[in-house]
Amino acid sequence: MSPPRLTPARLDLVRPGITLPAYDRQAARIGVVHFGPGAFHRAHQAWYFDEMLAHRPDVAVSAVSLKSPGVREALGPQDGLYVLAEREAQPTFRVIGSIREVLTAAQTPDAVFARLASPEVWLVTATVTEKGYCLTPGGDLDETHPDIAYDLERPDTPASFIGWLVEGLARRRAAGLPAFTVLPCDNLSDNGGRLRRAVLQFAEARGEADLTAWIAGEVIFRSTMVDSITPATDDALRAEVAQAVGLTDAWPVQREGFVQWVIEAGSAADVLAQAGATIAADVAAFERAKLRLLNGAHSTLAYAGLLQGCETVSEAMADPELAAFVEAMMRQDIAPSLDLEAGDYIAGVLKRFRNPAIVHTLSQIAWDGSQKLPFRILETTSEALATGRPVDRLAVPIAAWMRFVERRTREGVAIVDPLAGRLAGLHGVDAFLELDEVFPRELAGDARWQAAVRKAYNALPQ
(Lines give C-alpha, C1' and ligand atoms only; values in the text may rest on other atoms or scores of the structure.)
Protein backbone atom coordinates (compact mmCIF):
# COMPACT_ATOMS: atom_id res chain seq x y z
CA MET A 1 0.00 0.00 0.00
CA SER A 2 1.30 3.46 -0.92
CA PRO A 3 1.92 6.03 1.82
CA PRO A 4 -0.67 8.82 2.17
CA ARG A 5 -0.49 11.81 -0.20
CA LEU A 6 1.79 14.73 0.55
CA THR A 7 -0.28 17.65 1.89
CA PRO A 8 0.33 20.52 4.33
CA ALA A 9 -1.72 18.74 6.99
CA ARG A 10 0.57 15.70 6.80
CA LEU A 11 3.96 17.40 7.03
CA ASP A 12 4.24 16.16 10.61
CA LEU A 13 4.40 12.62 9.15
CA VAL A 14 7.54 13.38 7.12
CA ARG A 15 10.41 11.17 8.21
CA PRO A 16 13.45 12.56 10.05
CA GLY A 17 16.24 13.96 7.89
CA ILE A 18 13.93 15.52 5.29
CA THR A 19 14.19 19.32 4.95
CA LEU A 20 10.87 21.14 5.38
CA PRO A 21 9.92 24.76 4.54
CA ALA A 22 11.68 27.07 7.02
CA TYR A 23 8.90 29.69 7.01
CA ASP A 24 5.19 30.11 7.61
CA ARG A 25 3.51 29.16 4.32
CA GLN A 26 0.24 30.72 5.41
CA ALA A 27 1.97 34.09 5.74
CA ALA A 28 3.57 33.84 2.29
CA ARG A 29 2.15 36.18 -0.36
CA ILE A 30 2.17 35.55 -4.10
CA GLY A 31 4.49 38.12 -5.64
CA VAL A 32 5.83 36.02 -8.52
CA VAL A 33 4.06 34.63 -11.59
CA HIS A 34 5.99 31.90 -13.37
CA PHE A 35 5.08 30.61 -16.83
CA GLY A 36 6.12 27.03 -17.56
CA PRO A 37 6.32 25.21 -14.19
CA GLY A 38 7.96 22.07 -15.52
CA ALA A 39 10.58 20.01 -13.76
CA PHE A 40 13.38 22.53 -14.31
CA HIS A 41 11.52 25.45 -12.77
CA ARG A 42 10.49 23.39 -9.76
CA ALA A 43 14.05 22.12 -9.27
CA HIS A 44 15.65 25.51 -9.86
CA GLN A 45 13.85 28.89 -9.55
CA ALA A 46 11.22 27.53 -7.14
CA TRP A 47 14.08 26.30 -4.93
CA TYR A 48 15.55 29.82 -4.90
CA PHE A 49 12.16 31.28 -4.01
CA ASP A 50 11.85 28.66 -1.27
CA GLU A 51 15.19 29.87 0.09
CA MET A 52 14.05 33.48 -0.28
CA LEU A 53 10.83 32.98 1.67
CA ALA A 54 12.93 32.64 4.79
CA HIS A 55 13.91 36.31 4.26
CA ARG A 56 10.71 37.92 2.93
CA PRO A 57 7.11 36.76 2.46
CA ASP A 58 6.28 38.20 -0.97
CA VAL A 59 8.06 35.74 -3.24
CA ALA A 60 5.57 32.87 -3.22
CA VAL A 61 4.77 31.67 -6.74
CA SER A 62 1.70 31.43 -8.92
CA ALA A 63 2.73 28.67 -11.36
CA VAL A 64 1.07 28.97 -14.76
CA SER A 65 1.06 26.23 -17.38
CA LEU A 66 0.08 27.63 -20.76
CA LYS A 67 -1.88 24.62 -22.01
CA SER A 68 -1.24 21.35 -20.17
CA PRO A 69 -3.14 20.69 -16.92
CA GLY A 70 -0.62 18.06 -15.78
CA VAL A 71 1.18 20.13 -13.15
CA ARG A 72 -2.08 21.49 -11.73
CA GLU A 73 -3.59 18.01 -11.52
CA ALA A 74 -0.50 16.66 -9.76
CA LEU A 75 0.26 19.50 -7.36
CA GLY A 76 -3.19 20.99 -6.80
CA PRO A 77 -4.25 18.28 -4.29
CA GLN A 78 -0.89 18.80 -2.56
CA ASP A 79 -1.40 22.59 -2.21
CA GLY A 80 1.65 23.09 -4.40
CA LEU A 81 3.99 21.04 -2.20
CA TYR A 82 6.44 18.62 -3.80
CA VAL A 83 9.76 16.95 -3.06
CA LEU A 84 13.10 17.90 -4.58
CA ALA A 85 15.74 15.16 -4.61
CA GLU A 86 19.34 16.31 -4.94
CA ARG A 87 21.43 13.66 -6.70
CA GLU A 88 24.92 13.35 -5.33
CA ALA A 89 26.78 10.45 -3.71
CA GLN A 90 24.42 10.80 -0.75
CA PRO A 91 21.02 11.99 -2.01
CA THR A 92 19.06 14.53 0.02
CA PHE A 93 15.35 15.31 -0.03
CA ARG A 94 13.57 18.60 0.55
CA VAL A 95 9.89 19.57 0.56
CA ILE A 96 9.49 22.76 -1.50
CA GLY A 97 6.67 25.06 -0.47
CA SER A 98 7.16 28.18 -2.59
CA ILE A 99 4.43 27.36 -5.13
CA ARG A 100 1.15 28.52 -3.61
CA GLU A 101 -1.06 28.38 -6.71
CA VAL A 102 -1.07 26.27 -9.88
CA LEU A 103 -3.09 27.49 -12.87
CA THR A 104 -3.66 26.28 -16.42
CA ALA A 105 -3.94 29.39 -18.59
CA ALA A 106 -5.99 27.77 -21.35
CA GLN A 107 -8.62 26.66 -18.82
CA THR A 108 -8.75 29.61 -16.40
CA PRO A 109 -7.64 32.72 -18.31
CA ASP A 110 -9.45 35.11 -15.98
CA ALA A 111 -7.53 33.75 -12.98
CA VAL A 112 -4.21 34.22 -14.78
CA PHE A 113 -5.04 37.78 -15.81
CA ALA A 114 -6.19 38.56 -12.27
CA ARG A 115 -2.85 37.38 -10.94
CA LEU A 116 -0.86 39.34 -13.55
CA ALA A 117 -2.85 42.44 -12.57
CA SER A 118 -2.41 41.90 -8.84
CA PRO A 119 -0.75 44.84 -7.05
CA GLU A 120 1.34 42.34 -5.05
CA VAL A 121 2.94 40.77 -8.14
CA TRP A 122 6.34 42.34 -8.80
CA LEU A 123 8.12 39.66 -10.82
CA VAL A 124 7.31 37.42 -13.82
CA THR A 125 9.64 34.56 -14.71
CA ALA A 126 9.46 31.96 -17.46
CA THR A 127 10.81 28.60 -18.56
CA VAL A 128 8.85 28.01 -21.76
CA THR A 129 11.81 26.56 -23.77
CA GLU A 130 13.44 28.23 -26.75
CA LYS A 131 10.43 27.57 -28.97
CA GLY A 132 8.11 29.37 -26.56
CA TYR A 133 9.47 32.78 -27.63
CA CYS A 134 8.13 32.35 -31.19
CA LEU A 135 11.14 33.98 -32.83
CA THR A 136 12.42 33.95 -36.39
CA PRO A 137 16.01 32.79 -37.02
CA GLY A 138 16.96 36.48 -37.07
CA GLY A 139 15.57 37.04 -33.58
CA ASP A 140 12.40 38.94 -34.49
CA LEU A 141 8.90 37.97 -33.41
CA ASP A 142 7.48 35.45 -35.87
CA GLU A 143 4.10 36.96 -36.63
CA THR A 144 3.27 33.96 -38.85
CA HIS A 145 3.61 31.58 -35.88
CA PRO A 146 0.14 30.06 -35.30
CA ASP A 147 0.04 31.07 -31.62
CA ILE A 148 1.14 34.65 -32.35
CA ALA A 149 -1.34 35.01 -35.20
CA TYR A 150 -4.07 33.67 -32.91
CA ASP A 151 -3.14 36.04 -30.08
CA LEU A 152 -3.21 39.08 -32.34
CA GLU A 153 -6.79 38.22 -33.24
CA ARG A 154 -7.91 37.12 -29.75
CA PRO A 155 -5.88 39.01 -27.11
CA ASP A 156 -8.27 38.06 -24.28
CA THR A 157 -7.51 34.32 -24.59
CA PRO A 158 -3.82 34.11 -25.54
CA ALA A 159 -2.03 30.95 -26.59
CA SER A 160 1.58 32.17 -26.41
CA PHE A 161 3.72 33.40 -23.53
CA ILE A 162 4.25 36.64 -25.47
CA GLY A 163 0.51 37.13 -25.81
CA TRP A 164 -0.08 36.58 -22.09
CA LEU A 165 2.72 38.95 -21.15
CA VAL A 166 1.55 41.80 -23.38
CA GLU A 167 -2.11 41.55 -22.45
CA GLY A 168 -1.19 41.21 -18.77
CA LEU A 169 0.90 44.38 -19.00
CA ALA A 170 -1.90 46.14 -20.86
CA ARG A 171 -4.28 45.38 -18.00
CA ARG A 172 -1.78 46.57 -15.38
CA ARG A 173 -1.37 49.83 -17.27
CA ALA A 174 -5.14 50.26 -17.56
CA ALA A 175 -5.45 49.70 -13.81
CA GLY A 176 -2.79 52.30 -13.06
CA LEU A 177 -0.41 49.73 -11.58
CA PRO A 178 3.38 49.82 -11.95
CA ALA A 179 4.99 47.33 -14.30
CA PHE A 180 6.58 44.15 -13.01
CA THR A 181 10.13 42.99 -13.73
CA VAL A 182 10.45 40.18 -16.29
CA LEU A 183 13.12 37.47 -16.04
CA PRO A 184 13.17 34.90 -18.86
CA CYS A 185 15.07 31.79 -17.75
CA ASP A 186 15.41 29.80 -20.98
CA ASN A 187 18.59 28.89 -22.82
CA LEU A 188 18.65 31.84 -25.22
CA SER A 189 21.60 34.17 -25.44
CA ASP A 190 20.52 37.67 -24.38
CA ASN A 191 17.17 36.20 -23.37
CA GLY A 192 16.06 39.42 -21.68
CA GLY A 193 16.86 41.52 -24.74
CA ARG A 194 15.26 39.04 -27.11
CA LEU A 195 12.09 38.84 -25.05
CA ARG A 196 11.85 42.64 -24.76
CA ARG A 197 12.18 42.97 -28.53
CA ALA A 198 9.50 40.33 -29.16
CA VAL A 199 7.11 41.90 -26.65
CA LEU A 200 7.50 45.35 -28.19
CA GLN A 201 7.01 43.96 -31.68
CA PHE A 202 3.87 42.16 -30.55
CA ALA A 203 2.51 45.32 -28.93
CA GLU A 204 3.22 47.23 -32.14
CA ALA A 205 1.48 44.53 -34.17
CA ARG A 206 -1.59 45.04 -31.96
CA GLY A 207 -1.61 48.62 -33.20
CA GLU A 208 -1.34 50.12 -29.73
CA ALA A 209 1.35 52.82 -29.85
CA ASP A 210 0.66 54.07 -26.31
CA LEU A 211 0.99 50.57 -24.85
CA THR A 212 4.17 49.98 -26.80
CA ALA A 213 5.68 53.20 -25.50
CA TRP A 214 4.64 52.39 -21.91
CA ILE A 215 6.23 48.93 -22.08
CA ALA A 216 9.39 50.39 -23.62
CA GLY A 217 9.68 52.98 -20.87
CA GLU A 218 8.40 51.15 -17.80
CA VAL A 219 8.96 47.40 -18.05
CA ILE A 220 12.34 46.06 -16.94
CA PHE A 221 13.50 42.96 -18.79
CA ARG A 222 16.65 41.35 -17.46
CA SER A 223 18.71 38.54 -18.95
CA THR A 224 19.45 35.49 -16.84
CA MET A 225 21.47 32.31 -17.02
CA VAL A 226 20.26 29.19 -15.25
CA ASP A 227 22.14 25.96 -14.72
CA SER A 228 21.46 22.64 -13.03
CA ILE A 229 21.18 19.22 -14.64
CA THR A 230 17.60 18.08 -14.10
CA PRO A 231 16.66 14.55 -15.22
CA ALA A 232 13.03 13.81 -15.95
CA THR A 233 10.78 12.39 -13.23
CA ASP A 234 10.01 8.67 -13.49
CA ASP A 235 8.29 6.00 -11.41
CA ALA A 236 11.60 5.01 -9.83
CA LEU A 237 11.95 8.53 -8.40
CA ARG A 238 8.37 8.52 -7.16
CA ALA A 239 8.97 5.22 -5.35
CA GLU A 240 12.27 6.43 -3.88
CA VAL A 241 10.69 9.65 -2.63
CA ALA A 242 7.75 7.78 -1.06
CA GLN A 243 10.19 5.50 0.76
CA ALA A 244 12.49 8.32 1.93
CA VAL A 245 9.84 10.87 2.87
CA GLY A 246 7.04 8.61 4.06
CA LEU A 247 4.43 10.34 1.89
CA THR A 248 3.40 9.93 -1.76
CA ASP A 249 4.26 12.80 -4.10
CA ALA A 250 2.49 12.75 -7.47
CA TRP A 251 5.28 14.70 -9.16
CA PRO A 252 8.62 14.99 -7.36
CA VAL A 253 11.62 16.42 -9.19
CA GLN A 254 15.34 15.76 -9.09
CA ARG A 255 18.56 17.55 -9.96
CA GLU A 256 22.26 17.51 -9.25
CA GLY A 257 23.56 19.37 -6.23
CA PHE A 258 25.06 22.13 -8.38
CA VAL A 259 22.64 24.99 -9.04
CA GLN A 260 23.27 28.47 -10.47
CA TRP A 261 21.12 31.46 -11.33
CA VAL A 262 22.88 34.51 -12.77
CA ILE A 263 20.67 37.60 -13.07
CA GLU A 264 21.49 40.85 -14.86
CA ALA A 265 21.76 43.65 -12.32
CA GLY A 266 19.50 46.65 -12.11
CA SER A 267 16.02 45.50 -11.12
CA ALA A 268 13.92 44.51 -8.13
CA ALA A 269 15.14 40.95 -8.71
CA ASP A 270 18.54 41.93 -7.27
CA VAL A 271 17.12 40.92 -3.88
CA LEU A 272 17.40 37.27 -4.97
CA ALA A 273 21.07 37.50 -4.08
CA GLN A 274 19.86 36.78 -0.53
CA ALA A 275 18.88 33.33 -1.75
CA GLY A 276 22.20 32.68 -3.48
CA ALA A 277 21.58 34.06 -6.97
CA THR A 278 24.51 35.80 -8.67
CA ILE A 279 23.77 39.40 -9.67
CA ALA A 280 26.03 40.41 -12.56
CA ALA A 281 26.48 43.58 -14.59
CA ASP A 282 26.83 41.46 -17.73
CA VAL A 283 25.28 38.01 -17.97
CA ALA A 284 26.58 37.45 -21.50
CA ALA A 285 29.84 35.77 -20.46
CA PHE A 286 27.97 33.37 -18.16
CA GLU A 287 25.36 32.73 -20.87
CA ARG A 288 27.85 31.94 -23.58
CA ALA A 289 29.90 29.66 -21.35
CA LYS A 290 26.83 27.69 -20.30
CA LEU A 291 25.05 27.62 -23.66
CA ARG A 292 28.11 26.71 -25.65
CA LEU A 293 30.09 24.55 -23.27
CA LEU A 294 27.50 22.76 -21.15
CA ASN A 295 24.46 22.81 -23.45
CA GLY A 296 26.51 22.41 -26.63
CA ALA A 297 28.33 19.43 -25.15
CA HIS A 298 25.02 18.01 -23.90
CA SER A 299 23.51 18.10 -27.38
CA THR A 300 26.66 16.55 -28.85
CA LEU A 301 26.54 13.71 -26.32
CA ALA A 302 22.81 13.27 -26.95
CA TYR A 303 22.89 12.80 -30.72
CA ALA A 304 26.27 11.06 -30.99
CA GLY A 305 25.58 8.95 -27.91
CA LEU A 306 22.16 7.78 -29.10
CA LEU A 307 23.68 6.74 -32.42
CA GLN A 308 26.20 4.68 -30.43
CA GLY A 309 23.47 2.99 -28.39
CA CYS A 310 23.99 4.97 -25.17
CA GLU A 311 20.98 5.99 -23.10
CA THR A 312 22.26 8.47 -20.48
CA VAL A 313 24.85 11.22 -20.21
CA SER A 314 26.99 9.30 -17.70
CA GLU A 315 26.86 6.23 -19.97
CA ALA A 316 27.98 8.31 -22.95
CA MET A 317 30.81 9.77 -20.89
CA ALA A 318 31.91 6.23 -20.05
CA ASP A 319 32.72 5.78 -23.76
CA PRO A 320 36.40 6.89 -23.86
CA GLU A 321 36.32 7.94 -27.51
CA LEU A 322 33.12 9.97 -27.18
CA ALA A 323 34.23 11.58 -23.90
CA ALA A 324 37.60 12.54 -25.40
CA PHE A 325 35.88 13.99 -28.47
CA VAL A 326 33.53 16.15 -26.39
CA GLU A 327 36.35 17.41 -24.19
CA ALA A 328 38.47 18.29 -27.24
CA MET A 329 35.54 20.13 -28.82
CA MET A 330 34.96 22.11 -25.59
CA ARG A 331 38.60 23.03 -25.05
CA GLN A 332 39.78 23.56 -28.63
CA ASP A 333 36.69 24.69 -30.55
CA ILE A 334 34.25 26.29 -28.10
CA ALA A 335 36.47 27.84 -25.43
CA PRO A 336 38.25 30.14 -27.97
CA SER A 337 34.87 31.76 -28.67
CA LEU A 338 34.47 32.87 -25.04
CA ASP A 339 35.73 35.99 -23.31
CA LEU A 340 36.91 34.17 -20.21
CA GLU A 341 39.30 31.51 -18.99
CA ALA A 342 37.19 28.38 -19.27
CA GLY A 343 39.54 25.63 -18.11
CA ASP A 344 38.13 25.19 -14.62
CA TYR A 345 34.55 25.54 -15.86
CA ILE A 346 35.10 22.79 -18.46
CA ALA A 347 36.60 20.48 -15.84
CA GLY A 348 33.59 21.09 -13.61
CA VAL A 349 31.12 20.40 -16.42
CA LEU A 350 32.84 17.14 -17.34
CA LYS A 351 32.77 16.05 -13.69
CA ARG A 352 29.05 16.81 -13.54
CA PHE A 353 28.44 14.82 -16.72
CA ARG A 354 30.14 11.79 -15.15
CA ASN A 355 28.00 11.90 -11.98
CA PRO A 356 26.52 8.35 -11.82
CA ALA A 357 23.77 9.52 -9.47
CA ILE A 358 22.28 11.63 -12.29
CA VAL A 359 20.32 9.49 -14.74
CA HIS A 360 19.91 12.15 -17.44
CA THR A 361 18.52 10.51 -20.55
CA LEU A 362 19.98 11.47 -23.91
CA SER A 363 16.54 11.21 -25.49
CA GLN A 364 15.29 14.02 -23.22
CA ILE A 365 18.22 16.27 -24.19
CA ALA A 366 17.60 15.45 -27.87
CA TRP A 367 14.13 17.06 -27.82
CA ASP A 368 13.63 20.22 -29.88
CA GLY A 369 16.96 20.03 -31.68
CA SER A 370 15.87 22.47 -34.38
CA GLN A 371 15.36 25.11 -31.68
CA LYS A 372 18.40 24.34 -29.51
CA LEU A 373 21.22 23.76 -31.99
CA PRO A 374 21.29 27.29 -33.46
CA PHE A 375 22.14 28.69 -30.02
CA ARG A 376 24.20 25.78 -28.70
CA ILE A 377 26.39 25.01 -31.74
CA LEU A 378 25.70 27.15 -34.82
CA GLU A 379 26.55 30.55 -33.30
CA THR A 380 29.95 29.18 -32.27
CA THR A 381 30.37 27.69 -35.75
CA SER A 382 29.66 30.98 -37.52
CA GLU A 383 32.19 32.77 -35.33
CA ALA A 384 34.80 30.07 -35.95
CA LEU A 385 34.34 30.37 -39.71
CA ALA A 386 34.63 34.15 -39.53
CA THR A 387 37.95 33.94 -37.70
CA GLY A 388 39.37 31.04 -39.70
CA ARG A 389 39.22 28.47 -36.90
CA PRO A 390 38.48 24.83 -37.82
CA VAL A 391 34.89 23.60 -37.68
CA ASP A 392 35.32 19.86 -38.21
CA ARG A 393 34.42 18.88 -34.65
CA LEU A 394 31.63 21.48 -34.47
CA ALA A 395 30.05 19.84 -37.53
CA VAL A 396 29.73 16.49 -35.76
CA PRO A 397 26.74 17.31 -33.49
CA ILE A 398 24.91 18.79 -36.49
CA ALA A 399 25.54 15.72 -38.62
CA ALA A 400 24.63 13.48 -35.67
CA TRP A 401 21.32 15.33 -35.30
CA MET A 402 20.59 14.70 -38.98
CA ARG A 403 21.36 10.99 -38.59
CA PHE A 404 19.30 10.87 -35.38
CA VAL A 405 16.26 12.40 -37.11
CA GLU A 406 16.60 9.98 -40.05
CA ARG A 407 16.87 6.99 -37.73
CA ARG A 408 13.82 8.03 -35.71
CA THR A 409 11.82 8.44 -38.90
CA ARG A 410 12.98 5.08 -40.22
CA GLU A 411 12.05 3.35 -36.95
CA GLY A 412 8.67 5.08 -36.76
CA VAL A 413 9.51 6.87 -33.50
CA ALA A 414 7.91 10.28 -33.00
CA ILE A 415 10.32 13.22 -33.13
CA VAL A 416 9.77 15.71 -30.30
CA ASP A 417 10.36 18.99 -32.12
CA PRO A 418 8.17 21.88 -33.34
CA LEU A 419 9.40 21.07 -36.88
CA ALA A 420 8.64 17.36 -36.50
CA GLY A 421 6.32 17.28 -39.52
CA ARG A 422 9.00 18.65 -41.82
CA LEU A 423 11.90 16.75 -40.27
CA ALA A 424 10.21 13.39 -40.75
CA GLY A 425 10.48 13.68 -44.52
CA LEU A 426 14.13 14.72 -44.75
CA HIS A 427 17.11 12.63 -45.85
CA GLY A 428 20.64 13.70 -46.61
CA VAL A 429 22.65 16.80 -45.75
CA ASP A 430 21.29 18.95 -48.58
CA ALA A 431 17.68 18.41 -47.49
CA PHE A 432 18.44 19.47 -43.91
CA LEU A 433 20.39 22.53 -44.97
CA GLU A 434 17.26 23.84 -46.70
CA LEU A 435 15.71 24.42 -43.25
CA ASP A 436 15.83 28.21 -43.07
CA GLU A 437 14.38 28.03 -39.55
CA VAL A 438 17.54 26.25 -38.39
CA PHE A 439 20.41 27.22 -40.66
CA PRO A 440 21.13 30.86 -41.59
CA ARG A 441 21.64 31.11 -45.35
CA GLU A 442 25.18 32.43 -45.02
CA LEU A 443 26.17 29.43 -42.91
CA ALA A 444 24.27 26.86 -44.97
CA GLY A 445 26.02 28.10 -48.11
CA ASP A 446 29.54 28.10 -46.66
CA ALA A 447 31.59 25.53 -48.59
CA ARG A 448 33.97 24.85 -45.69
CA TRP A 449 31.16 24.09 -43.32
CA GLN A 450 29.22 22.04 -45.84
CA ALA A 451 32.28 19.89 -46.42
CA ALA A 452 32.78 19.37 -42.67
CA VAL A 453 29.12 18.39 -42.16
CA ARG A 454 29.20 15.95 -45.10
CA LYS A 455 32.40 14.35 -43.82
CA ALA A 456 30.92 13.89 -40.34
CA TYR A 457 27.59 12.69 -41.74
CA ASN A 458 29.26 10.02 -43.85
CA ALA A 459 31.38 8.84 -40.92
CA LEU A 460 28.49 8.43 -38.46
CA PRO A 461 26.38 5.28 -38.15
CA GLN A 462 22.99 5.38 -39.85
# chains A, B, ... in the order shown; residues from 1 in each chain; ligands from 1
>>> residues_around(residues="segment 209-220 of chain A", least_positions_apart="3", cutoff="10 Å", atoms="only C-alpha atoms", output="number ranges by chain")
A: 123, 166-167, 169-170, 173-174, 178-183, 192, 196-197, 199-206, 266-268
>>> residues_around(residues="segment 64-68 of chain A", least_positions_apart="5", cutoff="12 Å", atoms="only C-alpha atoms", output="ChimeraX atom specification")
/A:32-39,41,73-74,80,99-109,111-113,115-116,124-128,132,147,157-165
>>> residues_around(residues="Val391 of chain A", least_positions_apart="4", cutoff="10 Å", atoms="only C-alpha atoms", output="ChimeraX atom specification")
/A:329,333-334,380-385,395-396,448-449,451-453
>>> closest_residue(among="A:Gln260, A:Thr129, A:Thr278, A:Ser314", to="Arg352 of chain A", atoms="only C-alpha atoms")
A:Ser314
>>> residues_around(residues="Asn187 of chain A", least_positions_apart="5", cutoff="12 Å", atoms="only C-alpha atoms", output="MDAnalysis selection string")
chainID A and resid 40 126:133 192 194 223:228 284 286:292 294:296 371:376
>>> write_last_selection(atoms="N, CA and C atoms", output="mmCIF file, in the first residue's frame")
data_model
loop_
_atom_site.group_PDB
_atom_site.id
_atom_site.type_symbol
_atom_site.label_atom_id
_atom_site.label_comp_id
_atom_site.auth_asym_id
_atom_site.auth_seq_id
_atom_site.Cartn_x
_atom_site.Cartn_y
_atom_site.Cartn_z
ATOM 1 N N PHE A 40 12.227 21.659 -14.547
ATOM 2 C CA PHE A 40 13.380 22.528 -14.313
ATOM 3 C C PHE A 40 13.022 23.694 -13.398
ATOM 4 N N ALA A 126 9.957 32.900 -16.445
ATOM 5 C CA ALA A 126 9.465 31.958 -17.457
ATOM 6 C C ALA A 126 10.505 30.908 -17.798
ATOM 7 N N THR A 127 10.044 29.682 -17.934
ATOM 8 C CA THR A 127 10.806 28.601 -18.562
ATOM 9 C C THR A 127 9.860 27.921 -19.551
ATOM 10 N N VAL A 128 9.776 28.496 -20.734
ATOM 11 C CA VAL A 128 8.851 28.011 -21.759
ATOM 12 C C VAL A 128 9.598 27.360 -22.922
ATOM 13 N N THR A 129 10.886 27.111 -22.774
ATOM 14 C CA THR A 129 11.805 26.564 -23.767
ATOM 15 C C THR A 129 12.048 27.568 -24.894
ATOM 16 N N GLU A 130 13.077 27.310 -25.663
ATOM 17 C CA GLU A 130 13.438 28.233 -26.746
ATOM 18 C C GLU A 130 12.273 28.477 -27.699
ATOM 19 N N LYS A 131 11.507 27.425 -27.987
ATOM 20 C CA LYS A 131 10.432 27.569 -28.972
ATOM 21 C C LYS A 131 9.281 28.435 -28.452
ATOM 22 N N GLY A 132 9.206 28.616 -27.130
ATOM 23 C CA GLY A 132 8.106 29.374 -26.562
ATOM 24 C C GLY A 132 8.180 30.867 -26.811
ATOM 25 N N TYR A 133 9.322 31.347 -27.354
ATOM 26 C CA TYR A 133 9.467 32.777 -27.628
ATOM 27 C C TYR A 133 8.995 33.143 -29.034
ATOM 28 N N GLY A 192 16.831 38.242 -22.061
ATOM 29 C CA GLY A 192 16.062 39.418 -21.676
ATOM 30 C C GLY A 192 15.877 40.383 -22.828
ATOM 31 N N ARG A 194 16.089 39.669 -26.073
ATOM 32 C CA ARG A 194 15.256 39.038 -27.114
ATOM 33 C C ARG A 194 13.780 39.093 -26.743
ATOM 34 N N SER A 223 18.212 39.838 -18.506
ATOM 35 C CA SER A 223 18.712 38.537 -18.949
ATOM 36 C C SER A 223 19.136 37.703 -17.747
ATOM 37 N N THR A 224 19.023 36.409 -17.893
ATOM 38 C CA THR A 224 19.451 35.487 -16.842
ATOM 39 C C THR A 224 20.162 34.298 -17.459
ATOM 40 N N MET A 225 20.896 33.600 -16.636
ATOM 41 C CA MET A 225 21.475 32.315 -17.018
ATOM 42 C C MET A 225 21.167 31.336 -15.899
ATOM 43 N N VAL A 226 20.607 30.194 -16.256
ATOM 44 C CA VAL A 226 20.261 29.186 -15.252
ATOM 45 C C VAL A 226 21.007 27.900 -15.561
ATOM 46 N N ASP A 227 21.362 27.174 -14.515
ATOM 47 C CA ASP A 227 22.135 25.955 -14.720
ATOM 48 C C ASP A 227 21.910 24.979 -13.582
ATOM 49 N N SER A 228 21.490 23.795 -13.915
ATOM 50 C CA SER A 228 21.459 22.642 -13.030
ATOM 51 C C SER A 228 20.913 21.484 -13.847
ATOM 52 N N ALA A 284 26.221 38.050 -20.212
ATOM 53 C CA ALA A 284 26.577 37.446 -21.495
ATOM 54 C C ALA A 284 27.695 36.419 -21.374
ATOM 55 N N PHE A 286 28.517 34.569 -18.802
ATOM 56 C CA PHE A 286 27.968 33.371 -18.163
ATOM 57 C C PHE A 286 27.088 32.608 -19.150
ATOM 58 N N GLU A 287 26.259 33.348 -19.900
ATOM 59 C CA GLU A 287 25.359 32.730 -20.872
ATOM 60 C C GLU A 287 26.127 31.932 -21.915
ATOM 61 N N ARG A 288 27.108 32.599 -22.513
ATOM 62 C CA ARG A 288 27.852 31.940 -23.585
ATOM 63 C C ARG A 288 28.578 30.704 -23.083
ATOM 64 N N ALA A 289 29.190 30.812 -21.888
ATOM 65 C CA ALA A 289 29.897 29.658 -21.350
ATOM 66 C C ALA A 289 28.952 28.488 -21.140
ATOM 67 N N LYS A 290 27.776 28.772 -20.572
ATOM 68 C CA LYS A 290 26.831 27.691 -20.296
ATOM 69 C C LYS A 290 26.193 27.145 -21.570
ATOM 70 N N LEU A 291 25.710 28.053 -22.425
ATOM 71 C CA LEU A 291 25.048 27.621 -23.655
ATOM 72 C C LEU A 291 25.996 26.823 -24.549
ATOM 73 N N ARG A 292 27.203 27.318 -24.688
ATOM 74 C CA ARG A 292 28.113 26.710 -25.652
ATOM 75 C C ARG A 292 28.858 25.510 -25.079
ATOM 76 N N LEU A 294 28.330 23.806 -21.761
ATOM 77 C CA LEU A 294 27.498 22.759 -21.154
ATOM 78 C C LEU A 294 26.401 22.287 -22.106
ATOM 79 N N ASN A 295 25.577 23.228 -22.594
ATOM 80 C CA ASN A 295 24.462 22.815 -23.455
ATOM 81 C C ASN A 295 24.945 22.285 -24.800
ATOM 82 N N GLY A 296 25.972 22.907 -25.368
ATOM 83 C CA GLY A 296 26.510 22.405 -26.630
ATOM 84 C C GLY A 296 27.073 21.002 -26.489
ATOM 85 N N GLN A 371 15.398 23.863 -32.435
ATOM 86 C CA GLN A 371 15.360 25.109 -31.684
ATOM 87 C C GLN A 371 16.639 25.322 -30.871
ATOM 88 N N LYS A 372 17.252 24.247 -30.412
ATOM 89 C CA LYS A 372 18.405 24.342 -29.515
ATOM 90 C C LYS A 372 19.726 24.514 -30.253
ATOM 91 N N LEU A 373 19.917 23.785 -31.340
ATOM 92 C CA LEU A 373 21.224 23.763 -31.994
ATOM 93 C C LEU A 373 21.684 25.120 -32.518
ATOM 94 N N PRO A 374 20.797 25.972 -33.023
ATOM 95 C CA PRO A 374 21.287 27.290 -33.463
ATOM 96 C C PRO A 374 22.003 28.068 -32.365
ATOM 97 N N PHE A 375 21.527 27.954 -31.124
ATOM 98 C CA PHE A 375 22.143 28.690 -30.021
ATOM 99 C C PHE A 375 23.306 27.912 -29.399
ATOM 100 N N ARG A 376 23.202 26.594 -29.395
ATOM 101 C CA ARG A 376 24.200 25.785 -28.698
ATOM 102 C C ARG A 376 25.444 25.510 -29.544
#
